[in-house]
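Coordinates from my_file.cif are shown below (mmCIF, C-alpha atoms and all ligand atoms).
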data_target
loop_
_atom_site.group_PDB
_atom_site.id
_atom_site.type_symbol
_atom_site.label_atom_id
_atom_site.label_comp_id
_atom_site.auth_asym_id
_atom_site.auth_seq_id
_atom_site.Cartn_x
_atom_site.Cartn_y
_atom_site.Cartn_z
ATOM 1 C CA MET A 1 -134.926 49.819 174.461
ATOM 2 C CA THR A 2 -133.586 50.053 178.004
ATOM 3 C CA GLU A 3 -130.575 52.172 178.877
ATOM 4 C CA ALA A 4 -128.503 49.040 179.507
ATOM 5 C CA ALA A 5 -129.370 47.599 176.093
ATOM 6 C CA ASN A 6 -128.248 50.857 174.427
ATOM 7 C CA ARG A 7 -124.845 50.700 176.073
ATOM 8 C CA LYS A 8 -121.965 50.383 173.641
ATOM 9 C CA PRO A 9 -119.916 47.239 174.360
ATOM 10 C CA ILE A 10 -116.227 47.528 175.301
ATOM 11 C CA LYS A 11 -114.354 46.265 172.258
ATOM 12 C CA LYS A 12 -111.204 48.398 172.285
ATOM 13 C CA ALA A 13 -108.377 48.625 174.793
ATOM 14 C CA VAL A 14 -105.464 51.013 175.051
ATOM 15 C CA PHE A 15 -102.155 49.752 176.467
ATOM 16 C CA PRO A 16 -99.929 52.706 177.318
ATOM 17 C CA VAL A 17 -96.435 51.260 177.019
ATOM 18 C CA ALA A 18 -94.360 54.314 176.182
ATOM 19 C CA GLY A 19 -92.952 54.916 179.679
ATOM 20 C CA LEU A 20 -89.202 54.890 180.234
ATOM 21 C CA GLY A 21 -89.197 52.144 182.857
ATOM 22 C CA THR A 22 -86.438 53.848 184.819
ATOM 23 C CA ARG A 23 -86.917 51.696 187.915
ATOM 24 C CA PHE A 24 -85.702 48.637 186.013
ATOM 25 C CA LEU A 25 -82.624 50.137 184.390
ATOM 26 C CA PRO A 26 -80.335 48.889 183.008
ATOM 27 C CA ALA A 27 -82.631 45.928 182.112
ATOM 28 C CA THR A 28 -85.015 48.270 180.322
ATOM 29 C CA LYS A 29 -82.460 50.263 178.359
ATOM 30 C CA ALA A 30 -83.071 48.336 175.117
ATOM 31 C CA ILE A 31 -86.058 46.149 176.118
ATOM 32 C CA PRO A 32 -89.490 47.529 177.072
ATOM 33 C CA LYS A 33 -90.449 46.964 180.706
ATOM 34 C CA GLU A 34 -93.625 45.253 179.471
ATOM 35 C CA MET A 35 -91.496 42.557 177.780
ATOM 36 C CA LEU A 36 -89.920 41.466 181.083
ATOM 37 C CA PRO A 37 -91.218 37.942 181.752
ATOM 38 C CA ILE A 38 -92.936 36.585 184.808
ATOM 39 C CA ILE A 39 -91.577 33.041 184.344
ATOM 40 C CA ASP A 40 -92.179 32.488 180.614
ATOM 41 C CA ARG A 41 -94.740 35.121 179.592
ATOM 42 C CA PRO A 42 -93.966 38.822 179.210
ATOM 43 C CA LEU A 43 -96.071 41.232 181.259
ATOM 44 C CA ILE A 44 -97.841 42.468 178.131
ATOM 45 C CA GLN A 45 -99.077 38.929 177.415
ATOM 46 C CA TYR A 46 -100.864 38.686 180.779
ATOM 47 C CA ALA A 47 -102.616 42.018 180.093
ATOM 48 C CA VAL A 48 -103.626 41.017 176.560
ATOM 49 C CA ASP A 49 -104.960 37.662 177.810
ATOM 50 C CA GLU A 50 -107.024 39.508 180.428
ATOM 51 C CA ALA A 51 -108.382 41.846 177.740
ATOM 52 C CA ARG A 52 -109.422 39.045 175.439
ATOM 53 C CA GLU A 53 -111.092 37.172 178.265
ATOM 54 C CA ALA A 54 -113.205 40.323 178.813
ATOM 55 C CA GLY A 55 -114.354 40.328 175.171
ATOM 56 C CA ILE A 56 -111.993 43.016 173.886
ATOM 57 C CA GLU A 57 -111.135 42.695 170.213
ATOM 58 C CA GLN A 58 -108.970 45.625 169.209
ATOM 59 C CA LEU A 59 -105.671 46.292 170.977
ATOM 60 C CA ILE A 60 -104.145 49.765 170.755
ATOM 61 C CA PHE A 61 -100.524 50.020 171.919
ATOM 62 C CA VAL A 62 -99.218 53.493 172.690
ATOM 63 C CA THR A 63 -95.524 52.939 172.139
ATOM 64 C CA GLY A 64 -92.362 55.002 171.998
ATOM 65 C CA ARG A 65 -88.812 54.632 170.792
ATOM 66 C CA GLY A 66 -87.299 51.193 171.380
ATOM 67 C CA LYS A 67 -90.668 49.522 171.948
ATOM 68 C CA SER A 68 -91.023 47.594 168.692
ATOM 69 C CA ALA A 69 -90.494 44.219 170.441
ATOM 70 C CA LEU A 70 -93.998 44.631 171.893
ATOM 71 C CA VAL A 71 -95.577 44.691 168.451
ATOM 72 C CA GLU A 72 -93.312 41.923 167.178
ATOM 73 C CA HIS A 73 -94.336 39.693 170.074
ATOM 74 C CA PHE A 74 -97.864 39.611 168.641
ATOM 75 C CA ASP A 75 -96.749 39.280 165.018
ATOM 76 C CA MET A 76 -96.362 36.011 163.127
ATOM 77 C CA ALA A 77 -92.756 34.774 163.363
ATOM 78 C CA PHE A 78 -92.650 32.859 160.097
ATOM 79 C CA GLU A 79 -89.080 31.486 160.348
ATOM 80 C CA LEU A 80 -89.564 30.397 163.950
ATOM 81 C CA GLU A 81 -92.848 28.667 163.173
ATOM 82 C CA LYS A 82 -91.486 26.939 160.073
ATOM 83 C CA THR A 83 -88.384 25.698 161.901
ATOM 84 C CA MET A 84 -90.451 24.459 164.845
ATOM 85 C CA ALA A 85 -92.898 22.704 162.510
ATOM 86 C CA ASP A 86 -90.011 21.066 160.580
ATOM 87 C CA ARG A 87 -88.683 19.773 163.903
ATOM 88 C CA HIS A 88 -92.143 18.499 164.880
ATOM 89 C CA LYS A 89 -92.379 20.846 167.843
ATOM 90 C CA SER A 90 -95.845 21.930 168.972
ATOM 91 C CA LEU A 91 -96.792 25.507 168.084
ATOM 92 C CA GLU A 92 -99.419 25.625 170.823
ATOM 93 C CA VAL A 93 -97.135 27.663 173.061
ATOM 94 C CA LEU A 94 -97.358 30.535 170.545
ATOM 95 C CA GLU A 95 -101.168 30.502 170.475
ATOM 96 C CA PRO A 96 -101.653 33.448 172.917
ATOM 97 C CA THR A 97 -99.456 35.650 170.709
ATOM 98 C CA ARG A 98 -101.767 35.343 167.715
ATOM 99 C CA ILE A 99 -103.914 38.387 167.023
ATOM 100 C CA GLN A 100 -106.448 38.643 164.205
ATOM 101 C CA PRO A 101 -104.940 40.714 161.370
ATOM 102 C CA GLY A 102 -105.860 44.361 161.885
ATOM 103 C CA ASN A 103 -106.683 43.963 165.553
ATOM 104 C CA LEU A 104 -103.419 45.385 166.856
ATOM 105 C CA VAL A 105 -102.734 49.044 166.177
ATOM 106 C CA ALA A 106 -99.660 50.905 167.430
ATOM 107 C CA VAL A 107 -99.546 54.659 167.825
ATOM 108 C CA ARG A 108 -96.574 56.671 169.013
ATOM 109 C CA GLN A 109 -96.234 58.907 171.995
ATOM 110 C CA GLN A 110 -93.294 60.955 170.823
ATOM 111 C CA VAL A 111 -92.362 62.367 174.226
ATOM 112 C CA PRO A 112 -93.261 60.596 177.508
ATOM 113 C CA MET A 113 -95.396 63.405 178.911
ATOM 114 C CA GLY A 114 -97.429 61.232 181.237
ATOM 115 C CA LEU A 115 -100.180 58.619 181.264
ATOM 116 C CA GLY A 116 -102.940 61.107 180.344
ATOM 117 C CA HIS A 117 -100.968 62.257 177.330
ATOM 118 C CA ALA A 118 -100.293 58.642 176.281
ATOM 119 C CA ILE A 119 -104.032 57.895 176.306
ATOM 120 C CA TRP A 120 -104.775 61.062 174.332
ATOM 121 C CA CYS A 121 -102.334 59.851 171.638
ATOM 122 C CA ALA A 122 -104.789 56.991 170.917
ATOM 123 C CA ARG A 123 -107.805 59.285 170.362
ATOM 124 C CA ALA A 124 -108.125 58.752 166.584
ATOM 125 C CA ILE A 125 -108.246 54.957 166.945
ATOM 126 C CA VAL A 126 -110.530 54.992 169.988
ATOM 127 C CA GLY A 127 -113.024 57.233 168.166
ATOM 128 C CA ASP A 128 -116.441 57.673 169.725
ATOM 129 C CA GLU A 129 -116.622 54.490 171.807
ATOM 130 C CA PRO A 130 -116.087 53.694 175.471
ATOM 131 C CA PHE A 131 -112.771 51.864 175.836
ATOM 132 C CA ALA A 132 -110.618 50.002 178.328
ATOM 133 C CA ILE A 133 -107.128 50.899 179.533
ATOM 134 C CA PHE A 134 -104.566 48.424 180.859
ATOM 135 C CA LEU A 135 -101.306 49.312 182.608
ATOM 136 C CA PRO A 136 -99.454 46.060 181.948
ATOM 137 C CA ASP A 137 -97.003 46.437 184.832
ATOM 138 C CA GLU A 138 -99.917 45.897 187.211
ATOM 139 C CA LEU A 139 -100.464 42.179 187.084
ATOM 140 C CA MET A 140 -103.993 41.134 187.989
ATOM 141 C CA ILE A 141 -104.411 37.438 188.686
ATOM 142 C CA ALA A 142 -107.889 35.954 189.024
ATOM 143 C CA HIS A 143 -108.710 33.444 191.735
ATOM 144 C CA GLN A 144 -108.971 29.870 190.524
ATOM 145 C CA GLY A 145 -112.144 29.595 188.442
ATOM 146 C CA GLY A 146 -112.961 33.331 188.855
ATOM 147 C CA GLY A 147 -113.070 35.985 186.120
ATOM 148 C CA GLY A 148 -110.192 38.380 185.469
ATOM 149 C CA CYS A 149 -110.142 41.997 186.625
ATOM 150 C CA MET A 150 -111.360 43.502 183.344
ATOM 151 C CA LYS A 151 -114.083 40.869 183.051
ATOM 152 C CA GLN A 152 -115.363 41.904 186.492
ATOM 153 C CA MET A 153 -115.186 45.558 185.436
ATOM 154 C CA VAL A 154 -117.089 44.922 182.205
ATOM 155 C CA GLU A 155 -119.819 43.297 184.314
ATOM 156 C CA ALA A 156 -119.988 46.467 186.446
ATOM 157 C CA TYR A 157 -120.042 48.586 183.279
ATOM 158 C CA ASN A 158 -122.909 46.512 181.873
ATOM 159 C CA ALA A 159 -124.824 47.145 185.085
ATOM 160 C CA HIS A 160 -124.035 50.843 185.626
ATOM 161 C CA GLY A 161 -122.621 52.305 182.392
ATOM 162 C CA GLY A 162 -120.386 55.378 182.440
ATOM 163 C CA ASN A 163 -116.840 55.067 183.725
ATOM 164 C CA VAL A 164 -115.418 52.235 185.819
ATOM 165 C CA ILE A 165 -111.998 51.987 187.471
ATOM 166 C CA SER A 166 -110.461 49.227 189.545
ATOM 167 C CA VAL A 167 -109.328 50.032 193.063
ATOM 168 C CA LEU A 168 -107.589 48.327 195.939
ATOM 169 C CA GLU A 169 -106.795 49.088 199.539
ATOM 170 C CA VAL A 170 -103.205 49.899 200.513
ATOM 171 C CA PRO A 171 -101.604 50.885 203.844
ATOM 172 C CA GLU A 172 -102.078 54.635 204.451
ATOM 173 C CA ALA A 173 -98.333 55.249 204.312
ATOM 174 C CA GLU A 174 -98.343 54.283 200.611
ATOM 175 C CA VAL A 175 -101.133 56.480 199.235
ATOM 176 C CA SER A 176 -98.867 59.334 198.131
ATOM 177 C CA SER A 177 -97.452 57.208 195.286
ATOM 178 C CA TYR A 178 -100.824 56.595 193.628
ATOM 179 C CA GLY A 179 -104.115 57.962 192.325
ATOM 180 C CA VAL A 180 -106.566 57.853 195.258
ATOM 181 C CA ILE A 181 -110.379 57.867 195.231
ATOM 182 C CA ALA A 182 -112.874 59.563 197.516
ATOM 183 C CA PRO A 183 -115.493 56.810 197.799
ATOM 184 C CA GLY A 184 -119.179 57.668 197.519
ATOM 185 C CA ALA A 185 -122.122 55.328 198.114
ATOM 186 C CA GLN A 186 -121.447 51.594 198.296
ATOM 187 C CA VAL A 187 -123.490 50.003 195.500
ATOM 188 C CA SER A 188 -122.661 46.338 196.129
ATOM 189 C CA ALA A 189 -119.966 44.281 197.857
ATOM 190 C CA GLN A 190 -117.525 45.021 195.038
ATOM 191 C CA VAL A 191 -118.808 48.298 193.548
ATOM 192 C CA THR A 192 -118.599 51.819 194.998
ATOM 193 C CA GLU A 193 -119.499 55.189 193.524
ATOM 194 C CA VAL A 194 -116.527 57.483 193.011
ATOM 195 C CA ALA A 195 -117.077 60.952 194.481
ATOM 196 C CA GLY A 196 -113.598 62.347 193.845
ATOM 197 C CA LEU A 197 -110.109 61.496 192.614
ATOM 198 C CA VAL A 198 -106.686 62.874 193.410
ATOM 199 C CA GLU A 199 -103.257 61.951 192.023
ATOM 200 C CA LYS A 200 -100.406 61.385 194.471
ATOM 201 C CA PRO A 201 -101.926 63.223 197.450
ATOM 202 C CA ARG A 202 -99.985 63.913 200.624
ATOM 203 C CA ARG A 203 -100.792 61.248 203.174
ATOM 204 C CA GLU A 204 -102.703 63.654 205.446
ATOM 205 C CA GLU A 205 -104.762 64.989 202.522
ATOM 206 C CA ALA A 206 -105.666 61.624 200.948
ATOM 207 C CA PRO A 207 -109.456 61.090 200.836
ATOM 208 C CA SER A 208 -109.072 57.318 201.505
ATOM 209 C CA ASN A 209 -106.592 54.488 201.198
ATOM 210 C CA LEU A 210 -108.257 53.125 198.047
ATOM 211 C CA ILE A 211 -105.899 53.482 195.084
ATOM 212 C CA ILE A 212 -106.542 53.170 191.370
ATOM 213 C CA SER A 213 -104.971 49.939 190.239
ATOM 214 C CA GLY A 214 -104.159 50.045 186.564
ATOM 215 C CA ARG A 215 -107.461 49.156 184.871
ATOM 216 C CA TYR A 216 -110.041 51.588 183.532
ATOM 217 C CA ILE A 217 -113.169 51.707 181.388
ATOM 218 C CA LEU A 218 -113.686 55.260 180.204
ATOM 219 C CA GLN A 219 -116.105 57.155 178.021
ATOM 220 C CA PRO A 220 -114.599 58.781 174.901
ATOM 221 C CA GLU A 221 -115.285 62.272 176.323
ATOM 222 C CA VAL A 222 -112.116 61.842 178.396
ATOM 223 C CA MET A 223 -110.137 62.567 175.214
ATOM 224 C CA ARG A 224 -111.654 66.038 174.963
ATOM 225 C CA VAL A 225 -110.940 66.685 178.625
ATOM 226 C CA LEU A 226 -107.319 65.624 178.121
ATOM 227 C CA GLU A 227 -107.010 67.830 175.048
ATOM 228 C CA GLY A 228 -106.600 71.100 176.870
ATOM 229 C CA GLN A 229 -105.277 69.803 180.168
ATOM 230 C CA ALA A 230 -102.230 71.286 181.871
ATOM 231 C CA ALA A 231 -99.524 69.166 183.507
ATOM 232 C CA GLY A 232 -100.277 67.954 187.039
ATOM 233 C CA ALA A 233 -98.302 65.972 189.645
ATOM 234 C CA GLY A 234 -94.700 65.327 188.570
ATOM 235 C CA GLY A 235 -95.051 67.744 185.624
ATOM 236 C CA GLU A 236 -96.967 65.060 183.679
ATOM 237 C CA ILE A 237 -100.398 65.141 182.017
ATOM 238 C CA GLN A 238 -102.316 63.038 184.535
ATOM 239 C CA LEU A 239 -105.182 60.740 183.566
ATOM 240 C CA THR A 240 -106.479 61.003 187.138
ATOM 241 C CA ASP A 241 -106.967 64.785 186.748
ATOM 242 C CA ALA A 242 -109.005 64.271 183.554
ATOM 243 C CA MET A 243 -111.168 61.603 185.207
ATOM 244 C CA ALA A 244 -111.724 63.845 188.221
ATOM 245 C CA ARG A 245 -113.246 66.435 185.916
ATOM 246 C CA MET A 246 -115.728 63.889 184.549
ATOM 247 C CA ILE A 247 -117.171 63.027 187.952
ATOM 248 C CA GLY A 248 -120.667 64.453 188.241
ATOM 249 C CA GLN A 249 -121.094 64.573 184.445
ATOM 250 C CA GLN A 250 -121.316 60.800 183.968
ATOM 251 C CA PRO A 251 -121.719 57.749 186.223
ATOM 252 C CA PHE A 252 -118.384 56.858 187.848
ATOM 253 C CA HIS A 253 -117.813 53.614 189.755
ATOM 254 C CA ALA A 254 -114.922 51.741 191.323
ATOM 255 C CA VAL A 255 -114.648 47.959 191.357
ATOM 256 C CA THR A 256 -112.588 46.178 193.992
ATOM 257 C CA PHE A 257 -111.034 43.300 192.106
ATOM 258 C CA ASN A 258 -111.808 39.926 193.576
ATOM 259 C CA GLY A 259 -108.359 38.483 192.904
ATOM 260 C CA ARG A 260 -104.695 39.340 193.438
ATOM 261 C CA ARG A 261 -102.680 42.290 192.180
ATOM 262 C CA PHE A 262 -98.897 42.484 191.881
ATOM 263 C CA ASP A 263 -97.139 45.785 191.260
ATOM 264 C CA CYS A 264 -94.586 44.609 188.715
ATOM 265 C CA GLY A 265 -93.426 48.179 188.122
ATOM 266 C CA SER A 266 -91.452 47.775 191.370
ATOM 267 C CA LYS A 267 -88.611 45.284 191.709
ATOM 268 C CA THR A 268 -89.910 43.597 194.848
ATOM 269 C CA GLY A 269 -93.419 43.359 193.373
ATOM 270 C CA PHE A 270 -91.910 41.720 190.312
ATOM 271 C CA VAL A 271 -90.053 39.139 192.423
ATOM 272 C CA GLU A 272 -93.200 38.474 194.466
ATOM 273 C CA ALA A 273 -95.243 37.857 191.312
ATOM 274 C CA THR A 274 -92.604 35.505 189.929
ATOM 275 C CA LEU A 275 -92.501 33.473 193.127
ATOM 276 C CA ALA A 276 -96.271 33.433 193.629
ATOM 277 C CA LEU A 277 -96.998 32.236 190.102
ATOM 278 C CA ALA A 278 -94.144 29.716 190.119
ATOM 279 C CA LEU A 279 -95.541 28.200 193.327
ATOM 280 C CA GLU A 280 -98.850 27.628 191.540
ATOM 281 C CA ARG A 281 -97.529 25.948 188.432
ATOM 282 C CA ASP A 282 -97.788 22.194 188.240
ATOM 283 C CA ASP A 283 -94.601 21.980 186.198
ATOM 284 C CA MET A 284 -92.401 23.697 188.802
ATOM 285 C CA ALA A 285 -94.176 24.272 192.131
ATOM 286 C CA ASP A 286 -92.473 21.394 194.019
ATOM 287 C CA GLU A 287 -89.025 22.343 192.819
ATOM 288 C CA VAL A 288 -89.511 26.065 193.550
ATOM 289 C CA ARG A 289 -90.939 25.386 197.028
ATOM 290 C CA ALA A 290 -87.949 23.197 197.914
ATOM 291 C CA MET A 291 -85.613 25.842 196.504
ATOM 292 C CA ALA A 292 -87.287 28.640 198.494
ATOM 293 C CA LYS A 293 -87.067 26.596 201.719
ATOM 294 C CA ARG A 294 -83.381 25.906 201.091
ATOM 295 C CA LEU A 295 -82.649 29.588 200.466
ATOM 296 C CA LEU A 296 -84.602 30.711 203.532
ATOM 297 C CA ALA A 297 -82.801 28.176 205.724
ATOM 298 C CA GLN A 298 -79.500 29.685 204.608
ATOM 299 C CA GLY A 299 -80.745 32.958 206.121
HETATM 300 P P1 LIG O 1 -95.049 54.444 185.249
HETATM 301 O O1 LIG O 1 -95.377 55.519 186.189
HETATM 302 O O2 LIG O 1 -94.939 53.061 185.792
HETATM 303 O O3 LIG O 1 -93.713 54.859 184.496
HETATM 304 O O4 LIG O 1 -96.123 54.487 184.088
HETATM 305 P P2 LIG O 1 -92.705 53.991 183.673
HETATM 306 O O5 LIG O 1 -91.939 54.894 182.781
HETATM 307 O O6 LIG O 1 -93.374 52.836 182.996
HETATM 308 O O7 LIG O 1 -91.738 53.366 184.774
HETATM 309 P P3 LIG O 1 -90.686 54.045 185.796
HETATM 310 O O8 LIG O 1 -91.518 54.675 186.888
HETATM 311 O O9 LIG O 1 -89.826 55.025 185.055
HETATM 312 O O10 LIG O 1 -89.891 52.869 186.277
HETATM 313 C C1 LIG O 1 -97.369 53.837 184.179
HETATM 314 C C2 LIG O 1 -97.798 53.368 182.807
HETATM 315 O O11 LIG O 1 -97.964 54.478 181.927
HETATM 316 C C3 LIG O 1 -97.159 54.355 180.772
HETATM 317 C C4 LIG O 1 -96.061 53.389 181.167
HETATM 318 O O12 LIG O 1 -95.551 52.698 180.025
HETATM 319 C C5 LIG O 1 -96.769 52.455 182.136
HETATM 320 O O13 LIG O 1 -97.513 51.448 181.465
HETATM 321 N N1 LIG O 1 -96.686 55.693 180.390
HETATM 322 C C6 LIG O 1 -96.246 56.526 181.360
HETATM 323 C C7 LIG O 1 -96.708 56.068 179.073
HETATM 324 O O14 LIG O 1 -97.113 55.309 178.174
HETATM 325 N N2 LIG O 1 -96.292 57.327 178.754
HETATM 326 C C8 LIG O 1 -95.844 58.188 179.698
HETATM 327 O O15 LIG O 1 -95.504 59.323 179.339
HETATM 328 C C9 LIG O 1 -95.813 57.782 181.029
#

What is this file in structure tokens?
Amino acid sequence: MTEAANRKPIKKAVFPVAGLGTRFLPATKAIPKEMLPIIDRPLIQYAVDEAREAGIEQLIFVTGRGKSALVEHFDMAFELEKTMADRHKSLEVLEPTRIQPGNLVAVRQQVPMGLGHAIWCARAIVGDEPFAIFLPDELMIAHQGGGGCMKQMVEAYNAHGGNVISVLEVPEAEVSSYGVIAPGAQVSAQVTEVAGLVEKPRREEAPSNLIISGRYILQPEVMRVLEGQAAGAGGEIQLTDAMARMIGQQPFHAVTFNGRRFDCGSKTGFVEATLALALERDDMADEVRAMAKRLLAQG
């Protein structure tokens, strides 16, 4: 068998959703950030839809205190469904929230010690398989008729194996807020080798202006690297540091997503996503466009 045929498929995804969401307080005091809706779907729903489109079957939520709404969102709401059915209302709108029994597992991160630590908390469920990671506050929207971000990454994984992360270009002034890659050889229009990684570098020390954008496919060895890792930038256990240590041991590629990304972890990014998606929806685009024009005219 060829190497590609031996490759284990990506069937599991980890959704680290245990962060405190401090930038959205007080909205996120009692409600997880990932439950904030862009129009009528919570952020977590967009990420789960993207995962399923890419062929992922098992969803692993790394949650914390006050995050149970995320699990409930994907549970069956018997009373709601019965009442809607009795009133002859269509249940189709709930379709995306249905998960096969057993395909959603929640594990707890007891203390928010960073993204790397959150991923490590899922190690027993991930087991010995390559897996995907989704940061749901990064909203990745495919172009009309194009595949989603994770689907494009799975295609790169099928071609190259190893580890795959998604990247995007930002203005140089912004690099110090993100994980940044040192690009290696360009493999194709969308795929680049990753030669190095650094979390939140100073602008003058950043190896490029290509930042990691919230989607990963990683080999299970990352769990062992995370196991003994000390805290990095911001006093947190950084996933970027663990990935950096895997470069050179396994193939490592970056995919530039052919689509749009909205940083919904920031308030302005959240507003931008809401407006952009509203302007594309048949049921509201005309009204929203007229509204936006009116508001802009008022200065
Ligand atoms: P962020 O850096 O966006 O942090 O985490 P946050 O807590 O969600 O939001 P702010 O900055 O306080 O407003 C990136 C991702 O990592 C998860 C978050 O839930 C988010 O999906 N995370 C972060 C954890 O699961 N655990 C952590 O300890 C830290």

(request) Using only C-alpha atoms, give me every residue within 8 Å of (-106.8, 53.3, 203.3) in file coordinates, as number ranges by chain. (result) A: 169-172, 175, 208-210

(request) Dump the neighbourhood of ligand LIG 1 (chain O) as number ranges by chain: all residues within 7 Å, distances computed on all atoms listed in the file. (result) A: 16-24, 33, 62-63, 109, 111-115, 117-118, 135-137, 265

(message) Measuring between only C-alpha atoms, which one of A:Asn258, A:Asn158, A:Gln238, A:Ser213 shows the shortest distance to Ala4 in chain A?
(response)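 Checking each candidate against Ala4 in chain A, we get A:Asn158 as the closest.
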
(request) With the file shown as input, list the residues that the PyMOL selection byres (((chain A and resi 143) around 8) and not hetatm) selects, as a PyMOL selection string. (result) chain A and resi 141-142+144-147+258-260

Output the selection as a tab-separated table (two decimals), keeping the file's coordinate frame - C-alpha atoms for each residue.
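Writing done, so here's selection-v2.tsv:
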chain	number	residue	atom	x	y	z
A	141	ILE	CA	-104.41	37.44	188.69
A	142	ALA	CA	-107.89	35.95	189.02
A	144	GLN	CA	-108.97	29.87	190.52
A	145	GLY	CA	-112.14	29.60	188.44
A	146	GLY	CA	-112.96	33.33	188.86
A	147	GLY	CA	-113.07	35.98	186.12
A	258	ASN	CA	-111.81	39.93	193.58
A	259	GLY	CA	-108.36	38.48	192.90
A	260	ARG	CA	-104.70	39.34	193.44

(message) Using Å and a single decimal, report how far CA of Val105 in chain A sits from CA of Gln45 in chain A.
(response)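 A separation of 15.6 Å between them.
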
(message) When you count all atoms listed in the file, which of these residues is closest to Ala47 in chain A: A:Met291, A:Ile125, A:Leu139, A:Ala189?
(response) A:Leu139

(message) What does the structure give for the distance between CA of Phe252 in chain A and CA of Val194 in chain A, in Å to one decimal?
(response) 5.5 Å

(request) Have a look at CA of Gly214 in chain A and CA of Glu138 in chain A and let me know their distance in Å, one decimal. (result)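 These two atoms are separated by 6.0 Å.
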
Return as AutoDock Vina command-line options the box centre and box size in Å, one decimal, for an axis-aligned box around all listed atoms of range 13-32 of chain A padded by 3 Å per side.
--center_x -94.4 --center_y 50.4 --center_z 181.4 --size_x 34.0 --size_y 15.0 --size_z 19.1

(request) Would you list the contacts of Gly179 in chain A as JSON, numbers by chain, taking every protein, DNA or RNA residue within 8 Å and counting all atoms listed in the file, but skipping same-chain residues closer than 6 positions in sequence? (result) {"A": [197, 198, 199, 200, 201, 211, 212, 240]}

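Proximity ranking of A:Ala254, A:Leu94, A:Met150, A:Leu218 relative to Leu168 in chain A places A:Ala254 first, based on only C-alpha atoms.
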
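With distances taken over all atoms listed in the file, A:Glu193 is the one residue among A:Glu193, A:Asp75, A:Asp241, A:Asp128 lying closest to Ala156 in chain A.
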
(request) Kindly extract all protein, DNA and RNA residues lying within 12 Å of the coordinates (-105.3, 40.5, 163.0) given in the file, considering only C-alpha atoms, and supply them as a list in words. (result) Glu57, Gln58, Leu59, Val71, Phe74, Asp75, Met76, Thr97, Arg98, Ile99, Gln100, Pro101, Gly102, Asn103, Leu104 and Val105 of chain A

(request) For each of A:Arg65, A:Arg108, A:His253, A:Lys82, take the minimum atom-to-atom distance to Asn163 in chain A, counting all atoms listed in the file, then give the residue where this is smallest. (result)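 Comparing A:Arg65, A:Arg108, A:His253, A:Lys82 against Asn163 in chain A, the winner is A:His253.
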
(request) Just the residues within 7 Å of Leu239 in chain A, please, counting all atoms listed in the file, with nothing from its chain fewer than 3 positions along; format it as a PyMOL selection string. (result) chain A and resi 115-116+242-243

(request) Go through A:Leu277, A:Ala122, A:Val271, A:Val288 and flag the residue nearest Met223 in chain A, using only C-alpha atoms for the distances. (result)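 Of A:Leu277, A:Ala122, A:Val271, A:Val288, the one nearest Met223 in chain A is A:Ala122, counting only C-alpha atoms.
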
(message) If the PyMOL selection byres (((chain A and resi 203) around 8) and not hetatm) were run on this exact file, what residues would it hold? Put them as a ChimeraX atom specification.
(response) /A:172-176,201-202,204-206
